[in-house]
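Text of the file target-v8.pdb, holding PDB, C-alpha atoms:
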```pdb
ATOM      1  CA  MET A   1      97.558  91.892  93.838
ATOM      2  CA  ASP A   2      94.952  91.777  91.097
ATOM      3  CA  LYS A   3      92.131  91.579  93.597
ATOM      4  CA  TYR A   4      90.556  94.750  92.331
ATOM      5  CA  CYS A   5      90.202  96.679  89.147
ATOM      6  CA  LEU A   6      92.720  99.503  89.185
ATOM      7  CA  ASN A   7      92.493 102.794  87.424
ATOM      8  CA  GLU A   8      96.004 103.629  86.222
ATOM      9  CA  ILE A   9      96.787 107.322  86.433
ATOM     10  CA  ASP A  10     100.428 107.472  85.564
ATOM     11  CA  SER A  11     103.529 105.422  85.004
ATOM     12  CA  VAL A  12     107.182 106.378  85.362
ATOM     13  CA  PRO A  13     110.084 104.287  84.067
ATOM     14  CA  ILE A  14     112.861 104.037  86.680
ATOM     15  CA  LYS A  15     116.275 104.105  85.041
ATOM     16  CA  CYS A  16     118.290 106.780  86.848
ATOM     17  CA  THR A  17     118.093 108.715  90.105
ATOM     18  CA  GLN A  18     116.215 111.552  88.392
ATOM     19  CA  ASP A  19     113.331 109.078  87.984
ATOM     20  CA  ILE A  20     113.163 108.659  91.779
ATOM     21  CA  VAL A  21     112.448 112.376  92.031
ATOM     22  CA  ILE A  22     109.868 112.251  89.211
ATOM     23  CA  SER A  23     108.101 109.202  90.730
ATOM     24  CA  ARG A  24     107.753 110.744  94.152
ATOM     25  CA  GLN A  25     106.624 114.102  92.749
ATOM     26  CA  LYS A  26     103.906 112.398  90.700
ATOM     27  CA  GLY A  27     102.895 110.244  93.660
ATOM     28  CA  ARG A  28     102.686 113.282  95.875
ATOM     29  CA  GLU A  29     100.638 115.199  93.317
ATOM     30  CA  LEU A  30      98.187 112.313  92.954
ATOM     31  CA  ALA A  31      97.783 112.073  96.745
ATOM     32  CA  ARG A  32      97.176 115.819  96.877
ATOM     33  CA  LYS A  33      94.555 115.682  94.130
ATOM     34  CA  SER A  34      92.878 112.776  95.920
ATOM     35  CA  GLY A  35      92.376 114.875  99.028
ATOM     36  CA  PHE A  36      95.060 113.462 101.330
ATOM     37  CA  SER A  37      96.636 115.736 103.929
ATOM     38  CA  VAL A  38     100.067 117.317 103.493
ATOM     39  CA  SER A  39     101.445 114.866 106.028
ATOM     40  CA  GLU A  40     100.047 111.877 104.132
ATOM     41  CA  GLN A  41     101.319 113.277 100.828
ATOM     42  CA  THR A  42     104.810 113.567 102.309
ATOM     43  CA  ARG A  43     104.717 110.058 103.766
ATOM     44  CA  PHE A  44     103.527 108.558 100.500
ATOM     45  CA  ALA A  45     106.156 110.463  98.473
ATOM     46  CA  THR A  46     108.902 109.416 100.888
ATOM     47  CA  ALA A  47     107.818 105.760 100.744
ATOM     48  CA  ILE A  48     107.905 105.875  96.915
ATOM     49  CA  SER A  49     111.370 107.395  97.122
ATOM     50  CA  GLU A  50     112.626 104.532  99.317
ATOM     51  CA  ILE A  51     111.184 101.755  97.160
ATOM     52  CA  THR A  52     112.222 103.226  93.806
ATOM     53  CA  ARG A  53     115.753 103.686  95.130
ATOM     54  CA  ASN A  54     115.759  99.975  95.977
ATOM     55  CA  VAL A  55     114.973  99.273  92.318
ATOM     56  CA  LEU A  56     118.097 101.148  91.216
ATOM     57  CA  THR A  57     120.226  99.536  93.931
ATOM     58  CA  TYR A  58     119.151  95.933  93.474
ATOM     59  CA  ALA A  59     117.556  95.578  90.051
ATOM     60  CA  THR A  60     119.032  98.386  87.889
ATOM     61  CA  GLU A  61     115.676  99.333  86.343
ATOM     62  CA  GLY A  62     111.926  99.077  86.664
ATOM     63  CA  ASP A  63     108.687 101.023  86.583
ATOM     64  CA  CYS A  64     106.509 102.909  89.023
ATOM     65  CA  HIS A  65     102.769 102.705  88.305
ATOM     66  CA  LEU A  66     100.306 104.961  90.081
ATOM     67  CA  PHE A  67      96.665 104.011  90.576
ATOM     68  CA  GLU A  68      93.515 105.244  92.191
ATOM     69  CA  ASN A  69      90.817 102.952  93.500
ATOM     70  CA  ASN A  70      87.595 103.004  95.476
ATOM     71  CA  LEU A  71      86.888  99.924  97.560
ATOM     72  CA  ASP A  72      84.602  99.227 100.527
ATOM     73  CA  GLY A  73      84.080 102.892 101.346
ATOM     74  CA  TYR A  74      87.769 103.759 101.066
ATOM     75  CA  HIS A  75      89.488 105.913  98.509
ATOM     76  CA  MET A  76      92.981 104.579  97.855
ATOM     77  CA  VAL A  77      96.054 105.817  96.110
ATOM     78  CA  ILE A  78      98.377 103.013  95.117
ATOM     79  CA  ALA A  79     101.926 102.919  93.844
ATOM     80  CA  GLN A  80     103.142  99.663  92.332
ATOM     81  CA  ILE A  81     106.874  99.533  91.851
ATOM     82  CA  VAL A  82     107.810  96.726  89.496
ATOM     83  CA  ASP A  83     111.234  95.437  88.536
ATOM     84  CA  GLN A  84     112.761  92.436  86.766
ATOM     85  CA  GLY A  85     115.636  92.072  89.205
ATOM     86  CA  PRO A  86     116.793  89.045  91.207
ATOM     87  CA  GLY A  87     113.926  89.407  93.673
ATOM     88  CA  ILE A  88     113.811  89.554  97.448
ATOM     89  CA  ASP A  89     115.005  86.245  98.916
ATOM     90  CA  ASN A  90     113.300  86.548 102.236
ATOM     91  CA  PRO A  91     110.645  89.277 102.319
ATOM     92  CA  LYS A  92     110.086  88.830 106.052
ATOM     93  CA  LEU A  93     113.762  89.380 106.809
ATOM     94  CA  ALA A  94     113.903  92.310 104.365
ATOM     95  CA  MET A  95     111.109  93.952 106.354
ATOM     96  CA  SER A  96     113.096  93.935 109.602
ATOM     97  CA  ASP A  97     114.803  97.125 110.766
ATOM     98  CA  GLY A  98     118.506  97.391 110.073
ATOM     99  CA  TYR A  99     118.684  94.458 107.677
ATOM    100  CA  SER A 100     120.342  95.252 104.365
ATOM    101  CA  THR A 101     122.129  93.245 101.712
ATOM    102  CA  GLY A 102     123.258  96.502 100.091
ATOM    103  CA  HIS A 103     125.143  99.320 101.728
ATOM    104  CA  GLY A 104     122.135 101.215 103.029
ATOM    105  CA  LEU A 105     120.895 101.777 106.542
ATOM    106  CA  GLY A 106     118.390  98.949 106.267
ATOM    107  CA  LEU A 107     115.545 101.395 106.738
ATOM    108  CA  GLY A 108     114.139 101.477 103.203
ATOM    109  CA  LEU A 109     111.481  98.745 103.262
ATOM    110  CA  PRO A 110     110.596  98.690 106.990
ATOM    111  CA  GLY A 111     110.719 102.494 107.093
ATOM    112  CA  ALA A 112     108.431 102.790 104.080
ATOM    113  CA  LYS A 113     105.993 100.301 105.633
ATOM    114  CA  ARG A 114     105.570 102.537 108.657
ATOM    115  CA  LEU A 115     104.738 105.506 106.430
ATOM    116  CA  VAL A 116     101.787 104.025 104.556
ATOM    117  CA  HIS A 117      98.670 102.033 105.360
ATOM    118  CA  GLU A 118      99.688  98.947 103.427
ATOM    119  CA  LEU A 119     102.891  97.652 101.891
ATOM    120  CA  ASN A 120     102.730  94.359 100.021
ATOM    121  CA  ILE A 121     105.615  92.473  98.475
ATOM    122  CA  ASP A 122     105.209  89.913  95.721
ATOM    123  CA  SER A 123     108.654  88.755  94.733
ATOM    124  CA  THR A 124     110.031  85.995  92.546
ATOM    125  CA  PRO A 125     113.389  85.945  90.753
ATOM    126  CA  GLY A 126     112.799  88.003  87.606
ATOM    127  CA  LYS A 127     109.780  89.910  88.841
ATOM    128  CA  THR A 128     109.253  91.879  92.012
ATOM    129  CA  ILE A 129     106.209  94.006  92.749
ATOM    130  CA  VAL A 130     106.145  96.249  95.794
ATOM    131  CA  GLU A 131     102.763  97.848  96.308
ATOM    132  CA  ILE A 132     102.241 100.772  98.652
ATOM    133  CA  ILE A 133      98.781 102.024  99.515
ATOM    134  CA  ILE A 134      97.387 105.002 101.370
ATOM    135  CA  LYS A 135      93.648 105.162 101.958
ATOM    136  CA  ARG A 136      91.032 107.351 103.487
ATOM    137  CA  ARG A 137      87.404 106.840 104.383
ATOM    138  CA  VAL A 138      84.915 108.303 101.932
ATOM    139  CA  TYR A 139      81.517 109.129 103.356
ATOM    140  CA  GLY A 140      78.263 109.393 101.483
TER     141      GLY A 140
ATOM    142  CA  MET B   1     127.836 119.817  88.805
ATOM    143  CA  ASN B   2     126.409 121.449  91.916
ATOM    144  CA  LYS B   3     123.358 123.625  91.280
ATOM    145  CA  ILE B   4     122.707 124.904  94.802
ATOM    146  CA  PRO B   5     124.184 128.348  95.493
ATOM    147  CA  ILE B   6     126.460 128.333  98.540
ATOM    148  CA  LEU B   7     126.691 131.854  99.997
ATOM    149  CA  TYR B   8     129.369 133.240 102.282
ATOM    150  CA  LEU B   9     128.412 135.828 104.894
ATOM    151  CA  ASN B  10     130.089 136.814 108.195
ATOM    152  CA  SER B  11     132.341 133.723 108.141
ATOM    153  CA  ILE B  12     129.308 131.509 107.665
ATOM    154  CA  LEU B  13     128.353 129.385 104.676
ATOM    155  CA  ILE B  14     124.651 129.378 103.880
ATOM    156  CA  ALA B  15     122.885 127.092 101.432
ATOM    157  CA  SER B  16     119.177 126.740 100.861
ATOM    158  CA  ILE B  17     118.039 123.519  99.222
ATOM    159  CA  GLN B  18     114.921 124.542  97.320
ATOM    160  CA  THR B  19     114.527 121.927  94.649
ATOM    161  CA  GLU B  20     114.429 118.177  94.917
ATOM    162  CA  LEU B  21     117.847 116.795  94.130
ATOM    163  CA  THR B  22     118.938 113.564  92.585
ATOM    164  CA  ASP B  23     121.463 111.447  94.473
ATOM    165  CA  GLU B  24     124.308 112.636  92.234
ATOM    166  CA  GLU B  25     123.340 116.285  92.734
ATOM    167  CA  VAL B  26     123.277 115.789  96.510
ATOM    168  CA  LEU B  27     126.779 114.326  96.408
ATOM    169  CA  SER B  28     128.203 117.119  94.253
ATOM    170  CA  PHE B  29     126.594 119.647  96.607
ATOM    171  CA  GLN B  30     128.223 117.864  99.558
ATOM    172  CA  SER B  31     131.596 117.891  97.864
ATOM    173  CA  GLU B  32     131.449 121.581  96.935
ATOM    174  CA  LEU B  33     130.258 122.533 100.416
ATOM    175  CA  LEU B  34     133.165 120.711 102.073
ATOM    176  CA  THR B  35     135.691 122.254  99.677
ATOM    177  CA  LYS B  36     134.345 125.767 100.243
ATOM    178  CA  ASN B  37     134.248 125.227 103.977
ATOM    179  CA  ASN B  38     137.871 124.159 103.919
ATOM    180  CA  ASN B  39     138.990 127.113 101.813
ATOM    181  CA  LEU B  40     137.093 129.776 103.730
ATOM    182  CA  LEU B  41     137.723 128.583 107.316
ATOM    183  CA  THR B  42     134.166 129.261 108.412
ATOM    184  CA  LYS B  43     132.555 129.434 111.828
ATOM    185  CA  GLY B  44     129.776 127.282 110.595
ATOM    186  CA  VAL B  45     127.568 125.991 107.825
ATOM    187  CA  ILE B  46     123.808 126.526 107.737
ATOM    188  CA  ILE B  47     121.577 124.419 105.509
ATOM    189  CA  ASP B  48     118.029 125.649 105.021
ATOM    190  CA  VAL B  49     115.445 123.038 104.033
ATOM    191  CA  SER B  50     112.307 125.119 104.572
ATOM    192  CA  THR B  51     111.068 124.552 101.034
ATOM    193  CA  LEU B  52     112.000 120.886 100.822
ATOM    194  CA  ASP B  53     108.955 118.599 100.797
ATOM    195  CA  VAL B  54     110.676 115.236 100.938
ATOM    196  CA  ILE B  55     113.707 114.134 102.955
ATOM    197  CA  ASP B  56     114.060 110.405 102.407
ATOM    198  CA  SER B  57     116.529 108.079 104.125
ATOM    199  CA  TYR B  58     119.211 108.839 101.532
ATOM    200  CA  MET B  59     119.005 112.618 101.995
ATOM    201  CA  ALA B  60     118.814 112.137 105.760
ATOM    202  CA  LYS B  61     121.963 110.046 105.695
ATOM    203  CA  VAL B  62     123.757 112.686 103.621
ATOM    204  CA  LEU B  63     122.723 115.418 106.087
ATOM    205  CA  SER B  64     123.821 113.267 108.996
ATOM    206  CA  ASP B  65     127.163 112.510 107.328
ATOM    207  CA  LEU B  66     127.621 116.196 106.481
ATOM    208  CA  THR B  67     127.219 117.071 110.159
ATOM    209  CA  THR B  68     130.093 114.796 111.058
ATOM    210  CA  MET B  69     132.240 115.925 108.126
ATOM    211  CA  VAL B  70     131.756 119.653 108.758
ATOM    212  CA  LYS B  71     132.397 119.195 112.487
ATOM    213  CA  LEU B  72     135.574 117.288 111.658
ATOM    214  CA  GLN B  73     136.657 120.336 109.679
ATOM    215  CA  GLY B  74     136.206 122.402 112.831
ATOM    216  CA  SER B  75     133.027 124.254 111.852
ATOM    217  CA  ALA B  76     129.520 124.062 113.247
ATOM    218  CA  PHE B  77     126.743 122.469 111.190
ATOM    219  CA  LEU B  78     123.235 123.830 111.559
ATOM    220  CA  LEU B  79     120.052 122.714 109.866
ATOM    221  CA  CYS B  80     116.986 124.926 109.778
ATOM    222  CA  GLY B  81     113.418 124.996 108.555
ATOM    223  CA  VAL B  82     112.466 121.309 108.727
ATOM    224  CA  LYS B  83     108.783 121.139 107.758
ATOM    225  CA  PRO B  84     106.319 119.513 110.190
ATOM    226  CA  ALA B  85     105.366 116.736 107.753
ATOM    227  CA  VAL B  86     109.027 116.058 107.027
ATOM    228  CA  SER B  87     109.954 115.801 110.713
ATOM    229  CA  SER B  88     107.170 113.333 111.487
ATOM    230  CA  THR B  89     108.011 111.290 108.398
ATOM    231  CA  LEU B  90     111.686 111.067 109.381
ATOM    232  CA  VAL B  91     110.887 109.894 112.907
ATOM    233  CA  ASP B  92     108.364 107.307 111.712
ATOM    234  CA  MET B  93     110.927 105.936 109.296
ATOM    235  CA  GLY B  94     113.418 105.591 112.109
ATOM    236  CA  MET B  95     115.793 108.382 111.108
ATOM    237  CA  MET B  96     116.271 110.220 114.374
ATOM    238  CA  LEU B  97     119.021 112.634 113.267
ATOM    239  CA  THR B  98     119.707 113.612 116.871
ATOM    240  CA  LYS B  99     123.313 114.491 116.003
ATOM    241  CA  ILE B 100     122.231 117.504 113.960
ATOM    242  CA  ASP B 101     121.723 120.899 115.594
ATOM    243  CA  THR B 102     118.484 122.277 114.228
ATOM    244  CA  PHE B 103     116.847 125.683 114.301
ATOM    245  CA  GLN B 104     113.387 126.893 113.398
ATOM    246  CA  SER B 105     114.537 129.491 110.922
ATOM    247  CA  LEU B 106     117.589 130.689 109.031
ATOM    248  CA  GLU B 107     117.543 133.865 111.100
ATOM    249  CA  LYS B 108     117.730 131.985 114.401
ATOM    250  CA  ALA B 109     120.524 129.769 113.132
ATOM    251  CA  PHE B 110     122.451 132.771 111.823
ATOM    252  CA  ASN B 111     121.980 134.726 115.072
ATOM    253  CA  PHE B 112     123.152 131.711 117.031
ATOM    254  CA  LEU B 113     126.400 131.515 115.095
ATOM    255  CA  THR B 114     127.072 135.255 115.135
ATOM    256  CA  SER B 115     126.147 136.006 118.744
ATOM    257  CA  ASN B 116     129.140 136.778 120.949
ATOM    258  CA  ASP B 117     128.067 134.764 123.973
ATOM    259  CA  ARG B 118     127.940 131.602 121.965
ATOM    260  CA  LYS B 119     129.270 128.684 124.006
ATOM    261  CA  TYR B 120     129.526 126.263 121.171
ATOM    262  CA  GLN B 121     131.960 125.001 118.641
TER     263      GLN B 121
END
```

Can I see the file as structure tokens?
Amino acid sequence: MDKYCLNEIDSVPIKCTQDIVISRQKGRELARKSGFSVSEQTRFATAISEITRNVLTYATEGDCHLFENNLDGYHMVIAQIVDQGPGIDNPKLAMSDGYSTGHGLGLGLPGAKRLVHELNIDSTPGKTIVEIIIKRRVYG
Amino acid sequence: MNKIPILYLNSILIASIQTELTDEEVLSFQSELLTKNNNLLTKGVIIDVSTLDVIDSYMAKVLSDLTTMVKLQGSAFLLCGVKPAVSSTLVDMGMMLTKIDTFQSLEKAFNFLTSNDRKYQ
């Protein structure tokens, strides 16, 4: 996940459900400033909402970092949601529709993946990073 | 503590969700809505989400549950004003919400509930 140099724009600690709202508002605002469409802003904000809620459900607390990056002719907005929880045992299984170890609908991770261009999971017990990326072509 | 005003007009409860709510706020809204609906014996409940930018799976589940709960109480449940970006996001996530009766605007939902030839309940 450190394959490129990231420009950190903002960071939100996730401790209570109010922080879910703050994270997604900041994510949405960054996507708007970066020139993404209303639809993409909404998708990105919704994906952040899903992943940060997972932090509160499974790991009690964490952080949401927001970045901007330019790479290979693409402008990207990235949200990295980090927690120190028990980790995701089987990321592949966690990505399948309807699978949940909590009491949710099992749509959080797979649903969020369908909303953004990339969703990467790097999980070990004690540290989980979920990275969500939206990107758009920059010409010239 | 619920911070969304729930208005009563022509035997209908109307609430417009205009700010983003935390999970706890959504639940206290749900609880107050159900209590009011029970006390006032309404024809129906209309929830307006025309200024809501994000409906995530949690909010969608609450709306879906509310539909069932309000219908169990014998009232209709109508949702109106779902934004285009919100509707496409919900479908892509896999939240179909087909159980909920939706209308384009508060006016249409209100007219539907108050019209005399309404074959619905």

Per residue of chain A within 10 Å of chain B, note the shortest atom pair and the distance in Å to one decimal, counting only C-alpha atoms, and order the rows by chain and increasing residue number, as a Markdown table.
```
| residue | atom | partner | partner_atom | distance |
| --- | --- | --- | --- | --- |
| A:Cys16 | CA | B:Thr22 | CA | 8.9 |
| A:Thr17 | CA | B:Thr22 | CA | 5.5 |
| A:Gln18 | CA | B:Thr22 | CA | 5.4 |
| A:Asp19 | CA | B:Thr22 | CA | 8.5 |
| A:Ile20 | CA | B:Thr22 | CA | 7.6 |
| A:Val21 | CA | B:Thr22 | CA | 6.6 |
| A:Ile22 | CA | B:Glu20 | CA | 9.4 |
| A:Arg24 | CA | B:Val54 | CA | 8.6 |
| A:Gln25 | CA | B:Glu20 | CA | 9.1 |
| A:Arg28 | CA | B:Asp53 | CA | 9.6 |
| A:Ser37 | CA | B:Ala85 | CA | 9.6 |
| A:Val38 | CA | B:Ala85 | CA | 6.8 |
| A:Ser39 | CA | B:Ala85 | CA | 4.7 |
| A:Glu40 | CA | B:Ala85 | CA | 8.1 |
| A:Gln41 | CA | B:Ala85 | CA | 8.7 |
| A:Thr42 | CA | B:Val54 | CA | 6.3 |
| A:Arg43 | CA | B:Thr89 | CA | 5.8 |
| A:Phe44 | CA | B:Thr89 | CA | 9.5 |
| A:Ala45 | CA | B:Val54 | CA | 7.0 |
| A:Thr46 | CA | B:Asp56 | CA | 5.5 |
| A:Ala47 | CA | B:Asp56 | CA | 8.0 |
| A:Ile48 | CA | B:Asp56 | CA | 9.4 |
| A:Ser49 | CA | B:Asp56 | CA | 6.7 |
| A:Glu50 | CA | B:Asp56 | CA | 6.8 |
| A:Arg53 | CA | B:Tyr58 | CA | 8.9 |
| A:Asp97 | CA | B:Gly94 | CA | 8.7 |
| A:Gly98 | CA | B:Gly94 | CA | 9.9 |
| A:Gly104 | CA | B:Tyr58 | CA | 8.3 |
| A:Leu105 | CA | B:Ser57 | CA | 8.0 |
| A:Gly106 | CA | B:Ser57 | CA | 9.6 |
| A:Leu107 | CA | B:Met93 | CA | 7.0 |
| A:Gly108 | CA | B:Ser57 | CA | 7.1 |
| A:Leu109 | CA | B:Met93 | CA | 9.4 |
| A:Pro110 | CA | B:Met93 | CA | 7.6 |
| A:Gly111 | CA | B:Met93 | CA | 4.1 |
| A:Ala112 | CA | B:Met93 | CA | 6.6 |
| A:Lys113 | CA | B:Met93 | CA | 8.3 |
| A:Arg114 | CA | B:Asp92 | CA | 6.3 |
| A:Leu115 | CA | B:Asp92 | CA | 6.7 |
```

field: Result set, the PyMOL selection byres ((chain B and resi 63) around 12) on current file, as a count of residues only
entry: 38

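With all atoms listed in the file as the atoms that count, the residue of B:Asn37, B:Ser105, B:Ser115, B:Thr42 with the shortest distance to B:Ser11 is B:Thr42.
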
message: Which polymer residues, whether protein, DNA or RNA, lie within 8 Å of the coordinate (96.4, 96.9, 102.0) when you count all atoms listed in the file? List them as a VMD selection string, using the chain letters and numbers from the file.
response: chain A and resid 117 to 120 132 to 133

- request: Could you expand the PyMOL selection byres ((chain A and resi 126) around 7) into the explicit residues it covers here, written as a ChimeraX atom specification?
  value: /A:84-87,124-125,127-128

Would you save the residues from that selection as an mmCIF file, in the frame of the given file, using C-alpha atoms?
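Result file follows (again-v3.cif):
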```cif
data_model
loop_
_atom_site.group_PDB
_atom_site.id
_atom_site.type_symbol
_atom_site.label_atom_id
_atom_site.label_comp_id
_atom_site.auth_asym_id
_atom_site.auth_seq_id
_atom_site.Cartn_x
_atom_site.Cartn_y
_atom_site.Cartn_z
ATOM 1 C CA GLN A 84 112.761 92.436 86.766
ATOM 2 C CA GLY A 85 115.636 92.072 89.205
ATOM 3 C CA PRO A 86 116.793 89.045 91.207
ATOM 4 C CA GLY A 87 113.926 89.407 93.673
ATOM 5 C CA THR A 124 110.031 85.995 92.546
ATOM 6 C CA PRO A 125 113.389 85.945 90.753
ATOM 7 C CA LYS A 127 109.780 89.910 88.841
ATOM 8 C CA THR A 128 109.253 91.879 92.012
#
```

message: Which residues, named as in the file, does the PyMOL selection byres ((chain B and resi 2) around 6) pick out? Answer as a list of chain:residue names.
response: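 Residues picked by the PyMOL selection byres ((chain B and resi 2) around 6): B:Met1, B:Lys3, B:Ile4, B:Ser28, B:Phe29.
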
Kindly output stretch 75-84 of chain B as a CSV table (one decimal), in the coordinates of the input, after building all heavy atoms.
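Wrote it out as selection-v8.csv, contents follow:
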```csv
chain,number,residue,atom,x,y,z
B,75,SER,N,134.1,123.3,112.0
B,75,SER,CA,133.0,124.3,111.9
B,75,SER,C,131.7,123.7,112.4
B,75,SER,O,131.6,122.4,112.6
B,75,SER,CB,132.8,124.6,110.4
B,75,SER,OG,134.0,125.1,109.8
B,76,ALA,N,130.8,124.5,112.8
B,76,ALA,CA,129.5,124.1,113.2
B,76,ALA,C,128.6,123.7,112.1
B,76,ALA,O,128.8,124.3,111.0
B,76,ALA,CB,128.9,125.1,114.1
B,77,PHE,N,127.7,122.8,112.2
B,77,PHE,CA,126.7,122.5,111.2
B,77,PHE,C,125.3,122.7,111.7
B,77,PHE,O,125.0,122.0,112.7
B,77,PHE,CB,126.9,121.0,110.7
B,77,PHE,CG,126.1,120.6,109.6
B,77,PHE,CD1,126.4,120.8,108.3
B,77,PHE,CD2,124.8,120.1,109.8
B,77,PHE,CE1,125.6,120.5,107.2
B,77,PHE,CE2,124.0,119.7,108.8
B,77,PHE,CZ,124.4,119.9,107.5
B,78,LEU,N,124.6,123.5,111.1
B,78,LEU,CA,123.2,123.8,111.6
B,78,LEU,C,122.2,123.6,110.4
B,78,LEU,O,122.4,124.0,109.3
B,78,LEU,CB,123.1,125.3,112.0
B,78,LEU,CG,123.6,125.7,113.4
B,78,LEU,CD1,125.0,125.3,113.7
B,78,LEU,CD2,123.5,127.2,113.6
B,79,LEU,N,121.1,123.0,110.8
B,79,LEU,CA,120.1,122.7,109.9
B,79,LEU,C,118.9,123.6,110.3
B,79,LEU,O,118.6,123.6,111.5
B,79,LEU,CB,119.7,121.2,109.9
B,79,LEU,CG,118.7,120.7,108.9
B,79,LEU,CD1,119.3,120.7,107.5
B,79,LEU,CD2,118.3,119.3,109.2
B,80,CYS,N,118.2,124.2,109.3
B,80,CYS,CA,117.0,124.9,109.8
B,80,CYS,C,115.8,124.8,108.8
B,80,CYS,O,116.0,124.4,107.7
B,80,CYS,CB,117.3,126.4,109.9
B,80,CYS,SG,117.8,127.2,108.4
B,81,GLY,N,114.6,125.0,109.4
B,81,GLY,CA,113.4,125.0,108.6
B,81,GLY,C,112.8,123.6,108.2
B,81,GLY,O,112.2,123.5,107.1
B,82,VAL,N,113.0,122.6,109.0
B,82,VAL,CA,112.5,121.3,108.7
B,82,VAL,C,110.9,121.4,108.8
B,82,VAL,O,110.4,121.8,109.9
B,82,VAL,CB,113.0,120.2,109.7
B,82,VAL,CG1,112.4,118.9,109.4
B,82,VAL,CG2,114.5,120.1,109.6
B,83,LYS,N,110.2,121.0,107.8
B,83,LYS,CA,108.8,121.1,107.8
B,83,LYS,C,108.2,120.1,108.7
B,83,LYS,O,108.7,119.0,108.9
B,83,LYS,CB,108.3,120.9,106.3
B,83,LYS,CG,108.4,122.0,105.4
B,83,LYS,CD,107.7,121.7,104.1
B,83,LYS,CE,107.7,122.9,103.2
B,83,LYS,NZ,106.8,122.7,102.0
B,84,PRO,N,107.0,120.4,109.2
B,84,PRO,CA,106.3,119.5,110.2
B,84,PRO,C,106.1,118.1,109.6
B,84,PRO,O,106.4,117.1,110.2
B,84,PRO,CB,105.0,120.2,110.5
B,84,PRO,CG,105.0,121.5,109.9
B,84,PRO,CD,106.2,121.7,109.0
```
